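J.: Input query12.json, format and content: JSON, C-alpha atoms.
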```
[["chain", "number", "residue", "atom", "x", "y", "z"],
["A", 251, "MET", "CA", -5.62, -53.59, 7.90],
["A", 252, "ALA", "CA", -3.62, -55.04, 10.78],
["A", 253, "ASN", "CA", 0.13, -55.13, 10.57],
["A", 254, "LYS", "CA", 1.32, -58.66, 11.41],
["A", 255, "PHE", "CA", 4.20, -58.77, 13.81],
["A", 256, "ASP", "CA", 5.82, -61.20, 16.18],
["A", 257, "ILE", "CA", 8.39, -61.20, 18.97],
["A", 258, "GLN", "CA", 10.42, -64.27, 19.88],
["A", 259, "ILE", "CA", 12.21, -64.19, 23.23],
["A", 260, "ARG", "CA", 15.16, -66.33, 24.23],
["A", 261, "ALA", "CA", 16.39, -65.94, 27.79],
["A", 262, "GLU", "CA", 19.92, -67.24, 28.19],
["A", 263, "GLN", "CA", 22.40, -67.28, 31.08],
["A", 264, "GLY", "CA", 22.83, -63.60, 31.97],
["A", 265, "TYR", "CA", 21.23, -62.10, 28.90],
["A", 266, "ALA", "CA", 18.13, -62.30, 26.72],
["A", 267, "ILE", "CA", 17.45, -61.91, 23.02],
["A", 268, "LEU", "CA", 14.27, -60.36, 21.61],
["A", 269, "GLU", "CA", 13.80, -61.10, 17.92],
["A", 270, "THR", "CA", 11.20, -59.03, 16.10],
["A", 271, "ALA", "CA", 9.39, -59.77, 12.85],
["A", 272, "GLY", "CA", 7.22, -57.25, 10.99],
["A", 273, "TYR", "CA", 6.88, -53.47, 10.76],
["A", 274, "LEU", "CA", 8.33, -51.78, 13.84],
["A", 275, "ASN", "CA", 5.73, -49.07, 14.47],
["A", 276, "ASP", "CA", 4.06, -47.93, 17.68],
["A", 277, "ALA", "CA", 2.17, -51.25, 18.08],
["A", 278, "LEU", "CA", 5.19, -53.55, 17.74],
["A", 279, "GLY", "CA", 7.30, -51.03, 19.68],
["A", 280, "GLU", "CA", 4.88, -51.05, 22.63],
["A", 281, "GLN", "CA", 4.76, -54.84, 22.60],
["A", 282, "LEU", "CA", 8.55, -54.99, 22.48],
["A", 283, "SER", "CA", 8.80, -52.49, 25.35],
["A", 284, "LYS", "CA", 6.43, -54.60, 27.50],
["A", 285, "GLU", "CA", 8.46, -57.76, 26.86],
["A", 286, "ALA", "CA", 11.73, -55.93, 27.58],
["A", 287, "GLN", "CA", 10.25, -54.52, 30.80],
["A", 288, "LYS", "CA", 9.22, -58.03, 31.93],
["A", 289, "LEU", "CA", 12.77, -59.27, 31.31],
["A", 290, "ILE", "CA", 14.28, -56.29, 33.16],
["A", 291, "GLU", "CA", 11.98, -56.98, 36.14],
["A", 292, "LYS", "CA", 13.21, -60.58, 36.15],
["A", 293, "GLY", "CA", 16.77, -59.26, 36.42],
["A", 294, "TYR", "CA", 17.90, -59.39, 32.80],
["A", 295, "THR", "CA", 19.85, -56.19, 32.24],
["A", 296, "GLN", "CA", 21.77, -57.27, 29.16],
["A", 297, "LEU", "CA", 19.41, -57.42, 26.19],
["A", 298, "VAL", "CA", 19.85, -57.95, 22.47],
["A", 299, "ILE", "CA", 17.16, -56.82, 20.01],
["A", 300, "ASN", "CA", 17.54, -58.67, 16.72],
["A", 301, "LEU", "CA", 15.88, -56.72, 13.88],
["A", 302, "ASP", "CA", 16.88, -59.09, 11.09],
["A", 303, "LYS", "CA", 13.23, -59.95, 10.27],
["A", 304, "THR", "CA", 12.03, -56.35, 10.56],
["A", 305, "ALA", "CA", 12.35, -54.76, 7.14],
["A", 306, "LEU", "CA", 10.70, -51.45, 8.02],
["A", 307, "ILE", "CA", 10.94, -49.25, 11.09],
["A", 308, "ASN", "CA", 9.37, -45.86, 11.67],
["A", 309, "SER", "CA", 10.52, -43.08, 13.99],
["A", 310, "ILE", "CA", 7.69, -43.78, 16.47],
["A", 311, "GLY", "CA", 8.94, -47.37, 16.79],
["A", 312, "ILE", "CA", 12.48, -46.07, 17.28],
["A", 313, "SER", "CA", 11.31, -43.63, 19.97],
["A", 314, "ILE", "CA", 10.01, -46.64, 21.94],
["A", 315, "LEU", "CA", 13.40, -48.34, 21.57],
["A", 316, "ILE", "CA", 14.88, -45.23, 23.24],
["A", 317, "GLU", "CA", 12.56, -45.85, 26.21],
["A", 318, "ILE", "CA", 13.97, -49.39, 26.51],
["A", 319, "ILE", "CA", 17.52, -47.96, 26.47],
["A", 320, "GLU", "CA", 16.51, -45.52, 29.24],
["A", 321, "ALA", "CA", 14.91, -48.31, 31.32],
["A", 322, "LEU", "CA", 18.09, -50.36, 31.05],
["A", 323, "GLU", "CA", 20.29, -47.37, 31.92],
["A", 324, "GLU", "CA", 18.37, -47.02, 35.20],
["A", 325, "ARG", "CA", 19.55, -50.57, 36.08],
["A", 326, "SER", "CA", 23.05, -50.03, 34.67],
["A", 327, "GLY", "CA", 22.14, -52.43, 31.89],
["A", 328, "THR", "CA", 23.07, -52.65, 28.22],
["A", 329, "LEU", "CA", 21.09, -52.93, 25.01],
["A", 330, "ASN", "CA", 22.74, -54.17, 21.84],
["A", 331, "PHE", "CA", 21.04, -54.25, 18.44],
["A", 332, "CYS", "CA", 21.82, -56.60, 15.58],
["A", 333, "GLY", "CA", 20.43, -57.46, 12.16],
["A", 334, "LEU", "CA", 19.92, -53.85, 11.05],
["A", 335, "SER", "CA", 19.85, -52.90, 7.38],
["A", 336, "ALA", "CA", 22.22, -50.14, 6.23],
["A", 337, "THR", "CA", 19.32, -47.64, 6.19],
["A", 338, "GLN", "CA", 18.16, -48.65, 9.67],
["A", 339, "GLU", "CA", 21.71, -48.32, 11.02],
["A", 340, "ARG", "CA", 22.05, -44.88, 9.40],
["A", 341, "THR", "CA", 18.76, -43.78, 10.97],
["A", 342, "PHE", "CA", 19.80, -45.11, 14.41],
["A", 343, "ARG", "CA", 23.08, -43.20, 14.17],
["A", 344, "MET", "CA", 21.24, -40.03, 13.07],
["A", 345, "MET", "CA", 18.99, -40.31, 16.15],
["A", 346, "ALA", "CA", 22.07, -40.77, 18.40],
["A", 347, "ILE", "CA", 20.98, -44.25, 19.47],
["A", 348, "ALA", "CA", 24.42, -45.61, 18.61],
["A", 349, "LYS", "CA", 25.90, -43.53, 21.44],
["A", 350, "TYR", "CA", 23.78, -45.29, 24.06],
["A", 351, "ALA", "CA", 23.35, -48.80, 22.59],
["A", 352, "GLY", "CA", 25.58, -51.13, 20.61],
["A", 353, "ILE", "CA", 24.99, -51.95, 16.95],
["A", 354, "PHE", "CA", 26.38, -55.26, 15.72],
["A", 355, "PRO", "CA", 25.97, -57.31, 12.55],
["A", 356, "ASP", "CA", 24.65, -60.48, 14.23],
["A", 357, "GLU", "CA", 23.58, -62.01, 17.56],
["A", 358, "LYS", "CA", 26.97, -63.62, 18.18],
["A", 359, "ALA", "CA", 28.75, -60.25, 17.99],
["A", 360, "ALA", "CA", 26.00, -58.51, 19.99],
["A", 361, "VAL", "CA", 26.29, -61.05, 22.83],
["A", 362, "ALA", "CA", 30.11, -61.06, 22.74],
["A", 363, "ASN", "CA", 30.17, -57.28, 23.27],
["A", 364, "PHE", "CA", 28.25, -56.99, 26.56],
["B", 403, "MET", "CA", -8.38, -45.53, -1.92],
["B", 404, "GLU", "CA", -8.33, -44.02, -5.40],
["B", 405, "ASN", "CA", -5.47, -44.79, -7.72],
["B", 406, "ILE", "CA", -4.57, -42.95, -10.91],
["B", 407, "VAL", "CA", -1.83, -44.39, -13.08],
["B", 408, "LEU", "CA", -0.41, -42.33, -15.91],
["B", 409, "LYS", "CA", 2.56, -43.20, -18.07],
["B", 410, "ASP", "CA", 5.25, -41.84, -15.74],
["B", 411, "GLN", "CA", 3.13, -40.89, -12.79],
["B", 412, "VAL", "CA", 1.16, -42.70, -10.14],
["B", 413, "CYS", "CA", -1.23, -40.95, -7.79],
["B", 414, "LEU", "CA", -2.49, -42.62, -4.64],
["B", 415, "THR", "CA", -4.92, -41.34, -2.02],
["B", 416, "ILE", "CA", -4.79, -42.99, 1.38],
["B", 417, "PRO", "CA", -6.95, -42.48, 4.47],
["B", 418, "MET", "CA", -5.23, -41.36, 7.66],
["B", 419, "ASP", "CA", -5.70, -44.77, 9.26],
["B", 420, "ARG", "CA", -3.38, -47.15, 11.05],
["B", 421, "ASP", "CA", -0.60, -48.56, 8.86],
["B", 422, "MET", "CA", -1.92, -46.89, 5.67],
["B", 423, "GLU", "CA", 1.56, -45.35, 5.33],
["B", 424, "LEU", "CA", 2.68, -48.89, 4.45],
["B", 425, "VAL", "CA", 0.45, -48.84, 1.36],
["B", 426, "ALA", "CA", 2.14, -45.64, 0.20],
["B", 427, "ALA", "CA", 5.61, -47.01, 1.03],
["B", 428, "LYS", "CA", 5.01, -50.33, -0.79],
["B", 429, "THR", "CA", 3.81, -48.46, -3.88],
["B", 430, "GLY", "CA", 6.99, -46.37, -3.79],
["B", 431, "SER", "CA", 9.03, -49.54, -3.33],
["B", 432, "VAL", "CA", 7.51, -51.20, -6.39],
["B", 433, "LEU", "CA", 8.10, -48.10, -8.52],
["B", 434, "ALA", "CA", 11.71, -47.84, -7.29],
["B", 435, "GLU", "CA", 12.35, -51.51, -8.08],
["B", 436, "LEU", "CA", 10.79, -51.17, -11.53],
["B", 437, "ASN", "CA", 13.10, -48.20, -12.09],
["B", 438, "HIS", "CA", 16.14, -50.31, -11.02],
["B", 439, "PHE", "CA", 16.95, -48.50, -7.79],
["B", 440, "ASN", "CA", 19.13, -50.67, -5.57],
["B", 441, "GLU", "CA", 17.80, -52.32, -2.39],
["B", 442, "GLU", "CA", 19.26, -49.71, -0.01],
["B", 443, "GLN", "CA", 17.86, -46.78, -1.99],
["B", 444, "THR", "CA", 14.48, -48.49, -2.24],
["B", 445, "GLU", "CA", 14.42, -48.83, 1.55],
["B", 446, "GLU", "CA", 15.39, -45.16, 1.94],
["B", 447, "ILE", "CA", 12.49, -44.16, -0.33],
["B", 448, "GLN", "CA", 10.09, -46.31, 1.70],
["B", 449, "LEU", "CA", 11.26, -44.79, 4.98],
["B", 450, "ALA", "CA", 10.96, -41.23, 3.62],
["B", 451, "ILE", "CA", 7.39, -41.94, 2.48],
["B", 452, "ILE", "CA", 6.47, -43.55, 5.82],
["B", 453, "GLU", "CA", 7.87, -40.66, 7.86],
["B", 454, "THR", "CA", 6.21, -37.98, 5.72],
["B", 455, "CYS", "CA", 2.82, -39.74, 5.79],
["B", 456, "ILE", "CA", 3.00, -40.25, 9.57],
["B", 457, "ASN", "CA", 3.86, -36.58, 9.98],
["B", 458, "ALA", "CA", 0.73, -35.65, 8.03],
["B", 459, "PHE", "CA", -1.39, -38.15, 10.01],
["B", 460, "GLU", "CA", -0.19, -36.74, 13.34],
["B", 461, "HIS", "CA", 0.09, -33.01, 12.74],
["B", 462, "SER", "CA", -2.00, -31.84, 9.77],
["B", 463, "GLN", "CA", -5.39, -31.69, 11.58],
["B", 464, "SER", "CA", -6.86, -32.39, 8.15],
["B", 465, "GLU", "CA", -10.66, -32.54, 8.07],
["B", 466, "ASP", "CA", -10.81, -34.87, 5.08],
["B", 467, "ARG", "CA", -8.34, -37.27, 6.80],
["B", 468, "THR", "CA", -6.61, -38.19, 3.55],
["B", 469, "VAL", "CA", -3.10, -37.95, 2.18],
["B", 470, "ILE", "CA", -2.38, -37.78, -1.54],
["B", 471, "ILE", "CA", 0.90, -39.24, -2.77],
["B", 472, "LYS", "CA", 2.06, -38.43, -6.27],
["B", 473, "TYR", "CA", 4.97, -40.53, -7.56],
["B", 474, "ILE", "CA", 6.76, -39.10, -10.60],
["B", 475, "VAL", "CA", 9.08, -41.56, -12.28],
["B", 476, "LYS", "CA", 11.91, -40.27, -14.45],
["B", 477, "ALA", "CA", 14.85, -42.01, -16.09],
["B", 478, "ASP", "CA", 17.21, -41.79, -13.11],
["B", 479, "GLU", "CA", 15.08, -40.47, -10.27],
["B", 480, "LEU", "CA", 11.88, -40.91, -8.35],
["B", 481, "GLU", "CA", 10.03, -37.86, -7.05],
["B", 482, "CYS", "CA", 7.32, -38.01, -4.40],
["B", 483, "LYS", "CA", 4.89, -35.22, -3.57],
["B", 484, "ILE", "CA", 2.92, -35.91, -0.41],
["B", 485, "THR", "CA", -0.02, -33.59, 0.22],
["B", 486, "ASP", "CA", -2.50, -33.13, 3.03],
["B", 487, "HIS", "CA", -5.33, -30.61, 3.33],
["B", 488, "GLY", "CA", -4.61, -29.71, 6.92],
["B", 489, "VAL", "CA", -3.93, -26.42, 8.68],
["B", 490, "GLY", "CA", -0.34, -26.09, 7.45],
["B", 491, "PHE", "CA", 2.60, -24.67, 9.34],
["B", 492, "THR", "CA", 5.15, -21.89, 8.97],
["B", 493, "PRO", "CA", 8.95, -22.31, 9.02],
["B", 494, "GLU", "CA", 8.83, -20.51, 12.38],
["B", 495, "ASP", "CA", 6.40, -23.12, 13.79],
["B", 496, "GLN", "CA", 8.76, -25.86, 12.67],
["B", 497, "HIS", "CA", 11.81, -24.10, 14.16],
["B", 498, "ASN", "CA", 10.06, -23.49, 17.49],
["B", 499, "SER", "CA", 8.88, -27.08, 17.64],
["B", 500, "ILE", "CA", 12.40, -28.43, 17.07],
["B", 501, "ALA", "CA", 13.91, -25.94, 19.53],
["B", 502, "ARG", "CA", 11.37, -26.90, 22.20],
["B", 503, "ARG", "CA", 12.08, -30.61, 21.74],
["B", 504, "GLN", "CA", 15.82, -30.00, 21.99],
["B", 505, "GLU", "CA", 15.31, -28.19, 25.31],
["B", 506, "ILE", "CA", 13.28, -31.07, 26.73],
["B", 507, "HIS", "CA", 15.47, -33.94, 25.55],
["B", 508, "SER", "CA", 19.16, -34.38, 25.02],
["B", 509, "GLU", "CA", 20.60, -35.35, 21.63],
["B", 510, "MET", "CA", 18.70, -38.65, 21.90],
["B", 511, "ARG", "CA", 15.30, -36.93, 21.74],
["B", 512, "LYS", "CA", 12.43, -39.29, 21.11],
["B", 513, "ARG", "CA", 10.11, -37.54, 18.68],
["B", 514, "GLY", "CA", 10.15, -35.00, 15.88],
["B", 515, "TRP", "CA", 12.55, -36.83, 13.57],
["B", 516, "GLY", "CA", 10.26, -37.57, 10.64],
["B", 517, "LEU", "CA", 11.05, -34.73, 8.26],
["B", 518, "GLU", "CA", 14.69, -34.61, 9.37],
["B", 519, "ILE", "CA", 15.11, -38.29, 8.45],
["B", 520, "THR", "CA", 13.42, -37.71, 5.10],
["B", 521, "LYS", "CA", 15.61, -34.69, 4.35],
["B", 522, "THR", "CA", 18.77, -36.64, 5.17],
["B", 523, "LEU", "CA", 17.88, -39.72, 3.13],
["B", 524, "MET", "CA", 16.72, -37.89, -0.01],
["B", 525, "ASP", "CA", 18.71, -35.89, -2.59],
["B", 526, "GLU", "CA", 16.25, -32.99, -2.75],
["B", 527, "PHE", "CA", 13.65, -31.93, -0.21],
["B", 528, "ASP", "CA", 11.09, -29.14, -0.12],
["B", 529, "ILE", "CA", 8.03, -28.12, 1.92],
["B", 530, "GLU", "CA", 5.21, -25.89, 0.71],
["B", 531, "SER", "CA", 2.68, -25.09, 3.37],
["B", 532, "SER", "CA", -0.27, -22.75, 3.71],
["B", 533, "GLU", "CA", -3.51, -22.63, 5.65],
["B", 534, "ASN", "CA", -4.96, -24.92, 2.96],
["B", 535, "GLY", "CA", -2.51, -27.72, 3.51],
["B", 536, "THR", "CA", 1.03, -28.93, 3.12],
["B", 537, "THR", "CA", 2.98, -30.61, 0.34],
["B", 538, "VAL", "CA", 6.28, -32.27, 1.13],
["B", 539, "SER", "CA", 8.29, -33.03, -2.02],
["B", 540, "PHE", "CA", 11.44, -35.08, -2.27],
["B", 541, "ILE", "CA", 13.58, -36.62, -4.98],
["B", 542, "LYS", "CA", 15.79, -39.69, -4.83],
["B", 543, "ARG", "CA", 18.31, -40.09, -7.63],
["B", 544, "MET", "CA", 19.63, -43.45, -8.68],
["B", 545, "ALA", "CA", 23.12, -44.24, -7.40],
["B", 546, "SER", "CA", 25.65, -44.10, -10.22]]
```
So, in terms of structure tokens, how does the structure I just supplied come out?
T.:
Amino acid sequence: MANKFDIQIRAEQGYAILETAGYLNDALGEQLSKEAQKLIEKGYTQLVINLDKTALINSIGISILIEIIEALEERSGTLNFCGLSATQERTFRMMAIAKYAGIFPDEKAAVANF
Amino acid sequence: MENIVLKDQVCLTIPMDRDMELVAAKTGSVLAELNHFNEEQTEEIQLAIIETCINAFEHSQSEDRTVIIKYIVKADELECKITDHGVGFTPEDQHNSIARRQEIHSEMRKRGWGLEITKTLMDEFDIESSENGTTVSFIKRMAS
């Protein structure tokens, strides 16, 4: 059984948005990390990850998000999340991600807070 | 996969294969919805099941490579008992593992969150482990 997932990328002036769809496990996490790394190498250091279409996340997927935060910190960049469910936000806060990345309700707020 | 459905109990056996934790989580989600848990609580139940199954997949060293999930549905709560037939662990093993991870990483450590997340999201949480395997049990009560 293969978990179906997708990542849509929108590069804007000075920032980029990565929108995920599907179960955020190790497979989607690794794919997301690769895409984020490509953007960072192109000079995008302000990223938004929109999780609105990702209903389920596991802790392995979240651990890969931490690697993206660390990669951006090396370039003095910023990662903001949006579209999290209440449970996802609670889990992110438990894992201290909220101390190193922003959590916002939607893309507009995530972009406005770089 | 073998499924047993009793009046207030569902038993599911899943192989330790990629994404099989989703099968267990979706079953829990359906049972929670049928029992009128709200959306947030249903998601919490799914996440607890996912994390506990993944923990068994990664750490149990089970030879039969299966996880058994027993869902017990009561009037205002859902109980899950998740069992593997692996090598088990002691509370000391668990403590040492967490302590080691905390030395390596800061507060934003990457791994080792599974059971901690489950414990936080559920109302009751228990682990029984021996050299014959491990059962993680948790209960989610319906929000009043």
J.: Quick one: residues within 10 Å of range 436-438 of chain B, all atoms listed in the file counted, chain neighbours fewer than 4 positions away excluded, as a ChimeraX atom specification?
T.: /B:430-432,443-444,475-480,544-545
J.: Excluding same-chain residues fewer than 6 positions from range 319-328 of chain A, what lies within 8 Å of it counting only C-alpha atoms, as an MDAnalysis selection string?
T.: chainID A and resid 287 290 295:297 350:351 364
J.: Given all atoms listed in the file, how would the per-residue table for chain B near chain A read, listing every residue at most 8 Å away with its closest atom pair and distance in Å to one decimal, sorted by chain and number, as JSON lines?
T.:
```
{"residue": "B:Arg420", "atom": "CA", "partner": "A:Met251", "partner_atom": "CA", "distance": 7.5}
{"residue": "B:Asp421", "atom": "CA", "partner": "A:Asn253", "partner_atom": "CA", "distance": 6.8}
{"residue": "B:Met422", "atom": "CA", "partner": "A:Met251", "partner_atom": "CA", "distance": 8.0}
{"residue": "B:Glu442", "atom": "CA", "partner": "A:Thr337", "partner_atom": "CA", "distance": 6.5}
{"residue": "B:Glu445", "atom": "CA", "partner": "A:Thr337", "partner_atom": "CA", "distance": 6.9}
{"residue": "B:Glu446", "atom": "CA", "partner": "A:Thr337", "partner_atom": "CA", "distance": 6.3}
{"residue": "B:Leu449", "atom": "CA", "partner": "A:Asn308", "partner_atom": "CA", "distance": 7.0}
{"residue": "B:Ile452", "atom": "CA", "partner": "A:Asn308", "partner_atom": "CA", "distance": 6.9}
{"residue": "B:Glu453", "atom": "CA", "partner": "A:Asn308", "partner_atom": "CA", "distance": 6.6}
{"residue": "B:Glu509", "atom": "CA", "partner": "A:Ala346", "partner_atom": "CA", "distance": 6.5}
{"residue": "B:Met510", "atom": "CA", "partner": "A:Ala346", "partner_atom": "CA", "distance": 5.3}
{"residue": "B:Arg511", "atom": "CA", "partner": "A:Met345", "partner_atom": "CA", "distance": 7.5}
{"residue": "B:Lys512", "atom": "CA", "partner": "A:Ser313", "partner_atom": "CA", "distance": 4.6}
{"residue": "B:Arg513", "atom": "CA", "partner": "A:Ser313", "partner_atom": "CA", "distance": 6.3}
{"residue": "B:Trp515", "atom": "CA", "partner": "A:Ser309", "partner_atom": "CA", "distance": 6.6}
{"residue": "B:Gly516", "atom": "CA", "partner": "A:Ser309", "partner_atom": "CA", "distance": 6.5}
{"residue": "B:Ile519", "atom": "CA", "partner": "A:Thr341", "partner_atom": "CA", "distance": 7.1}
```
J.: What would the file look like if the residues just selected were written as a CSV table (one decimal), keeping the file's coordinate frame with C-alpha atoms?
T.:
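Output file result-v8.csv follows:
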```csv
chain,number,residue,atom,x,y,z
B,420,ARG,CA,-3.4,-47.2,11.0
B,421,ASP,CA,-0.6,-48.6,8.9
B,422,MET,CA,-1.9,-46.9,5.7
B,442,GLU,CA,19.3,-49.7,0.0
B,445,GLU,CA,14.4,-48.8,1.6
B,446,GLU,CA,15.4,-45.2,1.9
B,449,LEU,CA,11.3,-44.8,5.0
B,452,ILE,CA,6.5,-43.6,5.8
B,453,GLU,CA,7.9,-40.7,7.9
B,509,GLU,CA,20.6,-35.4,21.6
B,510,MET,CA,18.7,-38.6,21.9
B,511,ARG,CA,15.3,-36.9,21.7
B,512,LYS,CA,12.4,-39.3,21.1
B,513,ARG,CA,10.1,-37.5,18.7
B,515,TRP,CA,12.6,-36.8,13.6
B,516,GLY,CA,10.3,-37.6,10.6
B,519,ILE,CA,15.1,-38.3,8.4
```
J.: Just checking: using all atoms listed in the file, which residue out of B:Thr415, B:Gln448, B:Asn440, B:Gln463 ends up closest to Asn534 in chain B?
T.: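 The shortest atom-to-atom distance to Asn534 in chain B comes from B:Gln463.
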J.: Please indicate the distance in Å from CA of Asn300 in chain A to CA of Tyr265 in chain A, rounded to one decimal place.
T.: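 Result for CA of Asn300 in chain A versus CA of Tyr265 in chain A: 13.2 Å, one decimal.
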J.: How many Å separate CA of Thr454 in chain B from CA of Asn330 in chain A?
T.: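 Here the two named atoms are 28.2 Å from each other.
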J.: Would you compute an axis-aligned box for range 535-545 of chain B, covering every atom listed for it in the file with 3 Å of margin on each side, and report centre and edge lengths in Å to one decimal as AutoDock Vina command-line options?
T.:
```
--center_x 10.3 --center_y -36.0 --center_z -2.6 --size_x 31.6 --size_y 22.5 --size_z 18.2
```
J.: Which is closer to Glu465 in chain B than all the others in B:Val425, B:Leu517, B:Val489, B:Leu523, using all atoms listed in the file?
T.: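 Of all the options, B:Val489 lies closest to Glu465 in chain B.
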J.: Within 8 Å of Arg467 in chain B, counting only C-alpha atoms, which residues qualify if same-chain residues fewer than 3 places away don't, as a compact mmCIF listing (two decimals) with C-alpha atoms, in the coordinates of the input?
T.:
```
# COMPACT_ATOMS: atom_id res chain seq x y z
CA PRO B 417 -6.95 -42.48 4.47
CA MET B 418 -5.23 -41.36 7.66
CA PHE B 459 -1.39 -38.15 10.01
CA GLN B 463 -5.39 -31.69 11.58
CA SER B 464 -6.86 -32.39 8.15
```
J.: Mind pulling up the distance from CA of Glu423 in chain B to CA of Phe491 in chain B?
T.: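 Interatomic distance here is 21.1 Å.
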J.: Select, counting all atoms listed in the file, all protein, DNA and RNA residues no farther than 10 Å from (8.7, -60.3, 27.2) in file coordinates, and express the selection as a list in words.
T.: Ile257, Gln258, Ile259, Arg260, Ala261, Ala266, Ile267, Leu268, Gln281, Leu282, Ser283, Lys284, Glu285, Ala286, Gln287, Lys288, Leu289 and Ile290 of chain A
J.: Tell me which of B:Ala426, B:Cys482, B:Ala434, B:Leu414 sits closest to Ile470 in chain B, counting all atoms listed in the file.
T.: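 So, comparing all the options, the nearest one is B:Leu414.
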J.: Missing atoms in range 307-326 of chain A need filling: write out N, CA and C atoms for it as a PDB file, in the coordinates of the input.
T.:
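What landed in out.pdb:
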```
ATOM      1  N   ILE A 307      11.056 -49.834   9.755  1.00  0.00           N
ATOM      2  CA  ILE A 307      10.940 -49.250  11.090  1.00  0.00           C
ATOM      3  C   ILE A 307      10.520 -47.799  10.901  1.00  0.00           C
ATOM      4  N   ASN A 308       9.632 -47.306  11.755  1.00  0.00           N
ATOM      5  CA  ASN A 308       9.370 -45.860  11.670  1.00  0.00           C
ATOM      6  C   ASN A 308       9.895 -45.157  12.921  1.00  0.00           C
ATOM      7  N   SER A 309       9.887 -43.827  12.903  1.00  0.00           N
ATOM      8  CA  SER A 309      10.520 -43.080  13.990  1.00  0.00           C
ATOM      9  C   SER A 309       9.748 -43.215  15.305  1.00  0.00           C
ATOM     10  N   ILE A 310       8.450 -43.561  15.227  1.00  0.00           N
ATOM     11  CA  ILE A 310       7.690 -43.780  16.470  1.00  0.00           C
ATOM     12  C   ILE A 310       8.178 -45.075  17.127  1.00  0.00           C
ATOM     13  N   GLY A 311       8.391 -46.102  16.289  1.00  0.00           N
ATOM     14  CA  GLY A 311       8.940 -47.370  16.790  1.00  0.00           C
ATOM     15  C   GLY A 311      10.315 -47.141  17.419  1.00  0.00           C
ATOM     16  N   ILE A 312      11.132 -46.327  16.756  1.00  0.00           N
ATOM     17  CA  ILE A 312      12.480 -46.070  17.280  1.00  0.00           C
ATOM     18  C   ILE A 312      12.402 -45.304  18.609  1.00  0.00           C
ATOM     19  N   SER A 313      11.428 -44.393  18.720  1.00  0.00           N
ATOM     20  CA  SER A 313      11.310 -43.630  19.970  1.00  0.00           C
ATOM     21  C   SER A 313      11.014 -44.566  21.145  1.00  0.00           C
ATOM     22  N   ILE A 314      10.304 -45.676  20.863  1.00  0.00           N
ATOM     23  CA  ILE A 314      10.010 -46.640  21.940  1.00  0.00           C
ATOM     24  C   ILE A 314      11.269 -47.441  22.287  1.00  0.00           C
ATOM     25  N   LEU A 315      12.114 -47.672  21.281  1.00  0.00           N
ATOM     26  CA  LEU A 315      13.400 -48.340  21.570  1.00  0.00           C
ATOM     27  C   LEU A 315      14.232 -47.472  22.524  1.00  0.00           C
ATOM     28  N   ILE A 316      14.140 -46.149  22.354  1.00  0.00           N
ATOM     29  CA  ILE A 316      14.880 -45.230  23.240  1.00  0.00           C
ATOM     30  C   ILE A 316      14.403 -45.404  24.691  1.00  0.00           C
ATOM     31  N   GLU A 317      13.089 -45.639  24.859  1.00  0.00           N
ATOM     32  CA  GLU A 317      12.560 -45.850  26.210  1.00  0.00           C
ATOM     33  C   GLU A 317      13.147 -47.120  26.834  1.00  0.00           C
ATOM     34  N   ILE A 318      13.359 -48.151  26.001  1.00  0.00           N
ATOM     35  CA  ILE A 318      13.970 -49.390  26.510  1.00  0.00           C
ATOM     36  C   ILE A 318      15.422 -49.104  26.935  1.00  0.00           C
ATOM     37  N   ILE A 319      16.131 -48.325  26.118  1.00  0.00           N
ATOM     38  CA  ILE A 319      17.520 -47.960  26.470  1.00  0.00           C
ATOM     39  C   ILE A 319      17.519 -47.228  27.819  1.00  0.00           C
ATOM     40  N   GLU A 320      16.572 -46.295  27.993  1.00  0.00           N
ATOM     41  CA  GLU A 320      16.510 -45.520  29.240  1.00  0.00           C
ATOM     42  C   GLU A 320      16.184 -46.430  30.448  1.00  0.00           C
ATOM     43  N   ALA A 321      15.272 -47.388  30.232  1.00  0.00           N
ATOM     44  CA  ALA A 321      14.910 -48.310  31.320  1.00  0.00           C
ATOM     45  C   ALA A 321      16.113 -49.146  31.728  1.00  0.00           C
ATOM     46  N   LEU A 322      16.900 -49.564  30.745  1.00  0.00           N
ATOM     47  CA  LEU A 322      18.090 -50.360  31.050  1.00  0.00           C
ATOM     48  C   LEU A 322      19.167 -49.507  31.718  1.00  0.00           C
ATOM     49  N   GLU A 323      19.282 -48.259  31.309  1.00  0.00           N
ATOM     50  CA  GLU A 323      20.290 -47.370  31.920  1.00  0.00           C
ATOM     51  C   GLU A 323      20.025 -47.180  33.412  1.00  0.00           C
ATOM     52  N   GLU A 324      18.721 -47.166  33.780  1.00  0.00           N
ATOM     53  CA  GLU A 324      18.370 -47.020  35.200  1.00  0.00           C
ATOM     54  C   GLU A 324      18.879 -48.190  36.034  1.00  0.00           C
ATOM     55  N   ARG A 325      19.049 -49.372  35.375  1.00  0.00           N
ATOM     56  CA  ARG A 325      19.550 -50.570  36.080  1.00  0.00           C
ATOM     57  C   ARG A 325      21.004 -50.853  35.718  1.00  0.00           C
ATOM     58  N   SER A 326      21.659 -49.867  35.141  1.00  0.00           N
ATOM     59  CA  SER A 326      23.050 -50.030  34.670  1.00  0.00           C
ATOM     60  C   SER A 326      23.161 -51.184  33.672  1.00  0.00           C
TER      61      SER A 326
END
```
